[in-house]
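work-v7.tsv follows (TSV, C-alpha atoms):
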```
chain	number	residue	atom	x	y	z
E	1	MET	CA	-21.21	-2.94	5.68
E	2	ALA	CA	-19.68	-2.07	9.05
E	3	LYS	CA	-18.16	1.13	7.66
E	4	TYR	CA	-21.54	2.08	6.17
E	5	PHE	CA	-23.23	1.44	9.51
E	6	ILE	CA	-20.80	3.68	11.40
E	7	SER	CA	-21.29	6.47	8.86
E	8	ILE	CA	-25.05	6.28	9.23
E	9	LEU	CA	-24.78	6.15	13.03
E	10	LEU	CA	-22.63	9.28	13.19
E	11	ILE	CA	-24.41	11.30	10.53
E	12	ILE	CA	-28.08	10.39	10.66
E	13	THR	CA	-28.65	9.94	14.41
E	14	PRO	CA	-28.65	13.68	15.23
E	15	CYS	CA	-31.32	14.18	12.54
E	16	VAL	CA	-33.88	11.84	14.09
E	17	LYS	CA	-33.78	13.07	17.67
E	18	SER	CA	-37.21	14.25	18.60
E	19	GLN	CA	-40.90	14.41	17.81
E	20	ASN	CA	-41.44	17.79	19.49
E	21	TYR	CA	-41.83	20.32	16.66
E	22	ILE	CA	-43.65	23.63	16.32
E	23	SER	CA	-44.63	25.73	13.32
E	24	ILE	CA	-43.19	29.24	13.30
E	25	ASP	CA	-44.78	30.55	10.09
E	26	ASN	CA	-46.34	29.59	6.78
E	27	ALA	CA	-43.95	29.63	3.84
E	28	HIS	CA	-44.90	31.70	0.78
E	29	TYR	CA	-41.75	30.90	-1.20
E	30	ILE	CA	-39.38	27.95	-1.30
E	31	GLY	CA	-35.88	27.91	-2.78
E	32	LYS	CA	-33.36	25.13	-3.16
E	33	TYR	CA	-29.62	25.85	-3.00
E	34	LEU	CA	-26.61	23.66	-3.59
E	35	TYR	CA	-24.02	24.24	-0.87
E	36	ASP	CA	-20.55	23.35	-2.19
E	37	PHE	CA	-17.76	23.67	0.35
E	38	GLN	CA	-14.21	22.69	1.19
E	39	ASP	CA	-14.52	20.42	4.20
E	40	ASP	CA	-10.88	20.51	5.34
E	41	SER	CA	-9.21	23.93	5.47
E	42	LEU	CA	-5.85	22.32	4.57
E	43	ASN	CA	-7.05	20.12	1.71
E	44	SER	CA	-8.46	21.73	-1.44
E	45	ASP	CA	-9.60	18.31	-2.67
E	46	SER	CA	-11.95	17.82	0.30
E	47	ARG	CA	-14.99	19.35	-1.36
E	48	LYS	CA	-18.47	18.25	-0.28
E	49	GLN	CA	-21.96	19.18	-1.40
E	50	GLN	CA	-25.25	19.46	0.45
E	51	ASP	CA	-28.76	20.34	-0.74
E	52	MET	CA	-30.17	23.22	1.30
E	53	MET	CA	-33.70	24.65	1.52
E	54	LEU	CA	-34.81	28.27	2.00
E	55	PHE	CA	-38.37	28.92	3.15
E	56	ILE	CA	-39.68	32.50	3.23
E	57	GLY	CA	-42.83	33.43	5.11
E	58	SER	CA	-44.49	36.65	6.26
E	59	LYS	CA	-42.57	36.90	9.54
E	60	TYR	CA	-39.62	34.52	9.26
E	61	SER	CA	-37.33	32.76	6.85
E	62	LEU	CA	-35.79	29.35	7.52
E	63	PHE	CA	-32.63	27.95	5.93
E	64	GLU	CA	-31.77	24.30	6.57
E	65	ASN	CA	-30.35	21.22	4.90
E	66	TYR	CA	-32.61	18.89	2.96
E	67	VAL	CA	-32.21	16.03	5.46
E	68	ASP	CA	-33.47	18.16	8.34
E	69	PHE	CA	-36.25	19.58	6.18
E	70	LEU	CA	-37.41	16.06	5.33
E	71	SER	CA	-37.14	14.70	8.89
E	72	ASP	CA	-38.87	17.80	10.36
E	73	SER	CA	-41.81	17.38	8.00
E	74	LEU	CA	-42.09	13.66	8.70
E	75	PHE	CA	-41.85	14.05	12.46
E	76	TYR	CA	-44.46	16.82	12.48
E	77	ASN	CA	-46.89	14.79	10.42
E	78	ILE	CA	-46.53	11.67	12.60
E	79	LYS	CA	-46.07	13.47	15.92
E	80	ASP	CA	-48.93	11.51	17.50
E	81	ASN	CA	-47.39	8.13	16.66
E	82	ASN	CA	-45.56	5.91	19.10
E	83	PRO	CA	-42.02	7.41	19.39
E	84	GLN	CA	-40.25	4.18	18.39
E	85	ALA	CA	-42.55	3.65	15.41
E	86	ALA	CA	-42.15	7.27	14.36
E	87	LEU	CA	-38.36	7.02	14.58
E	88	GLY	CA	-38.40	3.93	12.39
E	89	LYS	CA	-40.53	5.65	9.74
E	90	VAL	CA	-38.33	8.75	9.67
E	91	PHE	CA	-35.10	6.73	9.54
E	92	ALA	CA	-36.46	4.69	6.63
E	93	LYS	CA	-37.11	7.90	4.67
E	94	THR	CA	-33.91	9.80	5.58
E	95	SER	CA	-31.19	7.14	5.76
E	96	GLN	CA	-30.65	7.26	2.00
E	97	TYR	CA	-29.52	10.90	2.28
E	98	ARG	CA	-26.15	11.97	3.66
E	99	LEU	CA	-25.87	14.95	5.98
E	100	GLU	CA	-22.44	16.57	5.79
E	101	SER	CA	-20.88	17.64	9.06
E	102	LEU	CA	-20.59	21.34	8.24
E	103	ALA	CA	-24.21	21.66	7.08
E	104	GLY	CA	-26.05	20.61	10.23
E	105	PHE	CA	-27.24	24.10	11.15
E	106	ARG	CA	-30.61	25.84	10.83
E	107	VAL	CA	-30.85	29.60	10.38
E	108	VAL	CA	-34.04	31.43	11.37
E	109	LYS	CA	-34.34	35.11	10.42
E	110	ASP	CA	-36.91	37.50	11.84
E	111	LEU	CA	-37.78	39.51	8.73
E	112	SER	CA	-38.96	42.60	10.63
E	113	THR	CA	-36.21	42.97	13.24
E	114	HIS	CA	-33.19	41.49	11.35
E	115	ASN	CA	-32.61	39.16	14.31
E	116	THR	CA	-30.92	35.97	13.14
E	117	SER	CA	-30.78	32.73	15.10
E	118	LEU	CA	-28.43	29.89	14.11
E	119	LYS	CA	-29.55	26.64	15.76
E	120	GLU	CA	-27.77	23.30	15.92
E	121	TYR	CA	-27.88	20.04	17.86
E	122	LEU	CA	-24.37	19.35	19.12
E	123	SER	CA	-22.94	17.02	21.72
E	124	LEU	CA	-26.38	15.86	22.90
E	125	ALA	CA	-27.63	19.41	23.49
E	126	TYR	CA	-29.36	22.22	21.61
E	127	TYR	CA	-27.50	25.47	21.01
E	128	GLN	CA	-28.32	28.75	19.32
E	129	VAL	CA	-26.37	31.86	18.32
E	130	ASN	CA	-28.52	35.00	18.21
E	131	GLU	CA	-27.35	38.06	16.29
E	132	LYS	CA	-28.81	41.22	14.82
E	133	ILE	CA	-27.04	41.43	11.49
E	134	GLN	CA	-27.06	44.20	8.91
E	135	PHE	CA	-24.61	43.41	6.15
E	136	ASN	CA	-22.57	46.29	4.79
E	137	TRP	CA	-23.07	45.48	1.12
E	138	GLU	CA	-21.25	47.36	-1.62
E	139	LEU	CA	-23.35	47.25	-4.79
E	140	ILE	CA	-21.46	46.88	-8.07
E	141	ASP	CA	-24.40	47.25	-10.44
E	142	GLU	CA	-22.32	47.70	-13.58
E	143	GLN	CA	-21.31	44.02	-13.38
E	144	THR	CA	-24.04	41.61	-14.44
E	145	LYS	CA	-24.18	37.89	-15.11
E	146	ILE	CA	-26.78	35.25	-16.02
E	147	ILE	CA	-26.94	32.60	-13.27
E	148	SER	CA	-29.63	29.90	-13.09
E	149	ASN	CA	-31.37	31.66	-16.02
E	150	LEU	CA	-31.69	34.87	-13.98
E	151	LYS	CA	-30.06	38.22	-14.72
E	152	CYS	CA	-27.95	39.02	-11.66
E	153	LYS	CA	-26.05	42.01	-10.30
E	154	LYS	CA	-22.95	41.90	-8.13
E	155	ALA	CA	-22.45	42.92	-4.51
E	156	ILE	CA	-19.61	42.37	-2.05
E	157	CYS	CA	-19.28	42.39	1.73
E	158	TYR	CA	-17.13	41.14	4.60
E	159	TYR	CA	-18.49	38.88	7.33
E	160	ARG	CA	-16.68	37.04	10.12
E	161	GLY	CA	-13.30	36.51	8.52
E	162	ARG	CA	-14.27	36.12	4.87
E	163	ASN	CA	-14.83	38.45	1.91
E	164	TYR	CA	-17.98	37.49	0.00
E	165	THR	CA	-19.31	38.07	-3.48
E	166	ALA	CA	-23.07	37.84	-3.99
E	167	TRP	CA	-24.96	37.77	-7.26
E	168	TYR	CA	-28.57	38.83	-6.73
E	169	THR	CA	-31.52	39.21	-9.08
E	170	MET	CA	-34.07	42.00	-9.34
E	171	GLU	CA	-36.29	39.51	-11.17
E	172	ILE	CA	-37.12	38.13	-7.71
E	173	PRO	CA	-37.35	41.32	-5.61
E	174	ILE	CA	-37.12	39.52	-2.26
E	175	SER	CA	-34.35	40.60	0.10
E	176	GLU	CA	-33.29	37.11	1.16
E	177	GLY	CA	-30.58	34.56	0.58
E	178	PRO	CA	-28.73	31.49	1.85
E	179	TYR	CA	-27.34	31.01	5.35
E	180	LYS	CA	-27.49	34.30	7.30
E	181	PHE	CA	-27.16	36.50	4.22
E	182	ASN	CA	-29.82	38.98	3.11
E	183	GLY	CA	-30.30	42.74	2.74
E	184	LEU	CA	-29.88	43.11	-1.04
E	185	PRO	CA	-32.53	44.52	-3.43
E	186	GLY	CA	-33.26	41.04	-4.74
E	187	LEU	CA	-32.85	37.35	-3.98
E	188	ILE	CA	-29.26	36.11	-3.72
E	189	VAL	CA	-28.74	33.60	-6.52
E	190	LYS	CA	-25.07	32.81	-5.90
E	191	LEU	CA	-22.80	33.55	-2.93
E	192	TYR	CA	-19.16	32.64	-2.35
E	193	ASP	CA	-16.13	33.75	-0.38
E	194	ASN	CA	-13.04	35.03	-2.20
E	195	LYS	CA	-11.27	31.65	-1.90
E	196	LYS	CA	-14.44	29.84	-3.05
E	197	GLN	CA	-14.29	27.51	-0.07
E	198	HIS	CA	-18.02	28.06	0.59
E	199	ILE	CA	-20.36	28.43	-2.38
E	200	PHE	CA	-24.17	28.63	-2.40
E	201	THR	CA	-25.98	28.40	-5.76
E	202	LEU	CA	-29.74	28.71	-6.26
E	203	GLU	CA	-31.13	25.73	-8.16
E	204	SER	CA	-34.86	26.46	-8.02
E	205	PHE	CA	-37.27	29.00	-6.56
E	206	LYS	CA	-41.05	29.07	-6.57
E	207	LYS	CA	-44.07	30.63	-4.95
E	208	ILE	CA	-46.06	28.21	-2.80
E	209	THR	CA	-49.80	28.07	-3.48
E	210	TYR	CA	-50.64	25.63	-0.68
E	211	ASN	CA	-50.37	25.75	3.12
E	212	ARG	CA	-46.70	24.88	3.82
E	213	LYS	CA	-45.67	25.23	7.44
E	214	MET	CA	-42.12	26.04	8.58
E	215	PHE	CA	-40.98	23.81	11.46
E	216	ILE	CA	-38.35	24.02	14.16
E	217	GLU	CA	-37.79	21.77	17.15
E	218	ASN	CA	-39.58	22.96	20.27
E	219	LYS	CA	-36.56	22.79	22.59
E	220	GLU	CA	-34.82	24.92	25.17
E	221	TYR	CA	-31.77	26.16	23.32
E	222	LYS	CA	-28.65	27.20	25.16
E	223	ASP	CA	-27.53	30.68	24.07
E	224	ILE	CA	-23.88	30.89	23.07
E	225	ASN	CA	-21.82	33.32	21.02
E	226	CYS	CA	-20.09	32.62	17.69
E	227	GLU	CA	-16.75	31.67	19.22
E	228	GLN	CA	-18.40	29.32	21.72
E	229	TYR	CA	-20.33	27.75	18.86
E	230	ARG	CA	-17.14	27.05	16.91
E	231	GLN	CA	-15.50	25.57	20.02
E	232	THR	CA	-18.53	23.40	20.75
E	233	LYS	CA	-18.44	21.97	17.21
E	234	THR	CA	-14.73	21.27	17.56
E	235	ASN	CA	-15.18	19.63	20.96
E	236	TRP	CA	-18.00	17.47	19.63
E	237	ALA	CA	-15.82	16.22	16.78
E	238	LEU	CA	-13.08	15.32	19.27
E	239	GLU	CA	-15.64	13.58	21.48
E	240	LYS	CA	-16.83	11.44	18.55
E	241	CYS	CA	-13.23	10.53	17.79
E	242	ARG	CA	-12.67	9.38	21.38
E	243	ASN	CA	-15.88	7.33	21.24
E	244	ILE	CA	-14.82	5.61	18.03
E	245	GLN	CA	-11.42	4.73	19.46
E	246	ASP	CA	-13.02	3.30	22.60
E	247	PRO	CA	-13.05	-0.51	22.12
E	248	ASN	CA	-16.33	-0.69	24.04
E	249	PHE	CA	-18.06	1.79	21.71
E	250	LEU	CA	-18.95	-0.53	18.86
E	251	GLN	CA	-18.21	-4.04	17.68
E	252	THR	CA	-16.80	-3.74	14.15
E	253	SER	CA	-15.34	-6.10	11.59
E	254	SER	CA	-11.63	-6.09	10.81
E	255	ASP	CA	-12.03	-4.13	7.56
E	256	VAL	CA	-12.93	-0.95	9.45
E	257	ASN	CA	-10.07	1.42	10.10
E	258	LEU	CA	-11.20	3.35	13.15
E	259	MET	CA	-8.22	5.68	13.08
E	260	GLU	CA	-9.06	6.61	9.50
E	261	ILE	CA	-12.65	7.40	10.48
E	262	ALA	CA	-11.44	9.52	13.42
E	263	ALA	CA	-9.09	11.44	11.14
E	264	ARG	CA	-11.95	12.06	8.74
E	265	ILE	CA	-14.08	13.50	11.54
E	266	LYS	CA	-11.26	15.84	12.57
E	267	SER	CA	-10.95	17.06	8.98
E	268	HIS	CA	-14.42	18.67	9.14
E	269	ASN	CA	-12.87	21.92	10.31
E	270	ASN	CA	-13.39	24.60	7.64
E	271	TYR	CA	-16.31	26.41	9.27
E	272	ILE	CA	-18.01	29.08	7.20
E	273	GLU	CA	-17.38	31.62	9.96
E	274	LYS	CA	-13.73	31.96	10.91
E	275	TYR	CA	-14.56	33.64	14.23
```
Please express the file's structure as structure tokens.
Amino acid sequence: MAKYFISILLIITPCVKSQNYISIDNAHYIGKYLYDFQDDSLNSDSRKQQDMMLFIGSKYSLFENYVDFLSDSLFYNIKDNNPQAALGKVFAKTSQYRLESLAGFRVVKDLSTHNTSLKEYLSLAYYQVNEKIQFNWELIDEQTKIISNLKCKKAICYYRGRNYTAWYTMEIPISEGPYKFNGLPGLIVKLYDNKKQHIFTLESFKKITYNRKMFIENKEYKDINCEQYRQTKTNWALEKCRNIQDPNFLQTSSDVNLMEIAARIKSHNNYIEKY
């Protein structure tokens, strides 16, 4: 029980931080991806999975994990409630879902300007990395494959230290995809780096026929670059390790190995962007 409580404390707390949300667009399409990744760069057995959501509107797209999607929706709908009561309601709905350390980001893309903003809550602050990205895709149309019941074509590109293969479908002629990736003649159905340490696979995609808002937290984000972002994530992991090893941090039962938990936190190091 104590080990479970620590896991929830470290993983869920950043997801239930605030009631201050704004809508940036109405979603016309919603896709669900499975993000399968190697958590520890030195351990091929350290694979984790996270459900991710892609919302596509007229002006923006939003890519985020399912836990944040759920908590954002709940907080927005009960934003006028007492903060403590609202927090209790959101925690009750989200605590059954695990949020993996390397999937805590949100990516907002401006569909007209190609500006991309990666946002994340780290070390008790809000950070964002803004980039204007145009991927240099090489289309390999002679190679096709059926993925998720969709006929897909192959494309490759290089981005921030990794070589990627994307399989996209002309059956959904929308130039979007998971994480920061887009710019192909159709929706990206599967994306992975050449070592297959980070894999995104489309599980479902549908057109929305009702009014579905896309939410982000209405916060002042600190602008940082990609390298500063990586360092901030690393520093935050080290900070959590120090907190765990502090005897005043939390009263735990004897069955909890704090050093083991700290080592596990440090192992979350295989960031999708190498630099």
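Of the residues listed (E:Ala237, E:Ile156, E:Ile208, E:Leu62), E:Leu62 shows the shortest atom-to-atom separation from E:Arg106; distances use only C-alpha atoms.
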| request: Quick one: pull the distance between atom CA of E:Asn218 and atom CA of E:Arg160, Å, one decimal. | output: 28.7 Å
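The spacing separating atom CA of E:Lys195 from atom CA of E:Ile224 amounts to 28.0 Å.
Residue nearest E:Lys266, chosen from E:Leu42, E:Ala166, E:Met214, E:Leu99 and counting only C-alpha atoms: E:Leu42.
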| field | Å distance separating atom CA of E:Asp110 from atom CA of E:Lys59, one decimal place | value | 6.1 Å
List the spatial neighbours of stretch 130-146 of chain E as an mmCIF file with C-alpha atoms, in the frame of the given file - criterion: any atom at most 10 Å away, only C-alpha atoms, same-chain residues fewer than 5 positions off excluded.
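Generated output (out_7.cif):
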```
data_model
loop_
_atom_site.group_PDB
_atom_site.id
_atom_site.type_symbol
_atom_site.label_atom_id
_atom_site.label_comp_id
_atom_site.auth_asym_id
_atom_site.auth_seq_id
_atom_site.Cartn_x
_atom_site.Cartn_y
_atom_site.Cartn_z
ATOM 1 C CA VAL E 107 -30.850 29.600 10.380
ATOM 2 C CA VAL E 108 -34.040 31.430 11.370
ATOM 3 C CA LYS E 109 -34.340 35.110 10.420
ATOM 4 C CA ASP E 110 -36.910 37.500 11.840
ATOM 5 C CA THR E 113 -36.210 42.970 13.240
ATOM 6 C CA HIS E 114 -33.190 41.490 11.350
ATOM 7 C CA ASN E 115 -32.610 39.160 14.310
ATOM 8 C CA THR E 116 -30.920 35.970 13.140
ATOM 9 C CA SER E 117 -30.780 32.730 15.100
ATOM 10 C CA LEU E 118 -28.430 29.890 14.110
ATOM 11 C CA LYS E 119 -29.550 26.640 15.760
ATOM 12 C CA LYS E 151 -30.060 38.220 -14.720
ATOM 13 C CA CYS E 152 -27.950 39.020 -11.660
ATOM 14 C CA LYS E 153 -26.050 42.010 -10.300
ATOM 15 C CA LYS E 154 -22.950 41.900 -8.130
ATOM 16 C CA ALA E 155 -22.450 42.920 -4.510
ATOM 17 C CA ILE E 156 -19.610 42.370 -2.050
ATOM 18 C CA CYS E 157 -19.280 42.390 1.730
ATOM 19 C CA TYR E 158 -17.130 41.140 4.600
ATOM 20 C CA TYR E 159 -18.490 38.880 7.330
ATOM 21 C CA TYR E 164 -17.980 37.490 0.000
ATOM 22 C CA THR E 165 -19.310 38.070 -3.480
ATOM 23 C CA ALA E 166 -23.070 37.840 -3.990
ATOM 24 C CA TRP E 167 -24.960 37.770 -7.260
ATOM 25 C CA TYR E 168 -28.570 38.830 -6.730
ATOM 26 C CA THR E 169 -31.520 39.210 -9.080
ATOM 27 C CA LYS E 180 -27.490 34.300 7.300
ATOM 28 C CA PHE E 181 -27.160 36.500 4.220
ATOM 29 C CA ASN E 182 -29.820 38.980 3.110
ATOM 30 C CA GLY E 183 -30.300 42.740 2.740
ATOM 31 C CA LEU E 184 -29.880 43.110 -1.040
ATOM 32 C CA PRO E 185 -32.530 44.520 -3.430
ATOM 33 C CA VAL E 189 -28.740 33.600 -6.520
ATOM 34 C CA ASP E 223 -27.530 30.680 24.070
ATOM 35 C CA ILE E 224 -23.880 30.890 23.070
ATOM 36 C CA ASN E 225 -21.820 33.320 21.020
ATOM 37 C CA CYS E 226 -20.090 32.620 17.690
#
```
| said: What's around E:Gln231 at 12 Å? Count all atoms listed in the file, leave out sequence neighbours fewer than 6 positions away in its own chain, and write the answer as a PyMOL selection string. | reply: chain E and resi 122-123+224-225+237-238+269+271+273-275
Mind writing the picked residues with C-alpha atoms as a PDB file, keeping the file's coordinate frame?
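result.pdb was written with the following content:
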```
ATOM      1  CA  LEU E 122     -24.370  19.350  19.120  1.00  0.00           C
ATOM      2  CA  SER E 123     -22.940  17.020  21.720  1.00  0.00           C
ATOM      3  CA  ILE E 224     -23.880  30.890  23.070  1.00  0.00           C
ATOM      4  CA  ASN E 225     -21.820  33.320  21.020  1.00  0.00           C
ATOM      5  CA  ALA E 237     -15.820  16.220  16.780  1.00  0.00           C
ATOM      6  CA  LEU E 238     -13.080  15.320  19.270  1.00  0.00           C
ATOM      7  CA  ASN E 269     -12.870  21.920  10.310  1.00  0.00           C
ATOM      8  CA  TYR E 271     -16.310  26.410   9.270  1.00  0.00           C
ATOM      9  CA  GLU E 273     -17.380  31.620   9.960  1.00  0.00           C
ATOM     10  CA  LYS E 274     -13.730  31.960  10.910  1.00  0.00           C
ATOM     11  CA  TYR E 275     -14.560  33.640  14.230  1.00  0.00           C
TER      12      TYR E 275
END
```
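With only C-alpha atoms as the atoms that count, the residue of E:Tyr97, E:Phe200, E:Tyr66, E:Tyr210 with the shortest distance to E:Tyr29 is E:Tyr210.
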| request: Using all atoms listed in the file, find the one residue out of E:Ser175, E:Arg162, E:Asp51, E:Cys241 that sits nearest to E:Ser112. | output: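 Checking each candidate against E:Ser112, we get E:Ser175 as the closest.
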Go ahead and fit an axis-aligned box to every listed atom of stretch 229-237 of chain E plus 8 Å each side, and pass me the centre and edge lengths in Å, one decimal, as AutoDock Vina command-line options.
```
--center_x -17.5 --center_y 22.0 --center_z 18.9 --size_x 21.6 --size_y 27.5 --size_z 20.2
```
| task | Find, counting all atoms listed in the file, the residue in E:Leu150, E:Asp39, E:Phe105, E:Lys206 that gets nearest to E:Gly186. | result |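 Nearest candidate to E:Gly186 out of E:Leu150, E:Asp39, E:Phe105, E:Lys206: E:Leu150.
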| message | For a cutoff of 7 Å around the file-coordinate point (-21.4, 31.3, -3.7), which residues qualify once you count all atoms listed in the file? I'd like the result as a ChimeraX atom specification. | response | /E:166,190-193,198-201
| query | Skipping near chain neighbours, those fewer than 2 positions away, what residues fall within 10 Å of stretch 21-28 of chain E using only C-alpha atoms, listed as a PyMOL selection string? | reply | chain E and resi 18-19+30+54-62+72-73+75-77+79+108+206-219
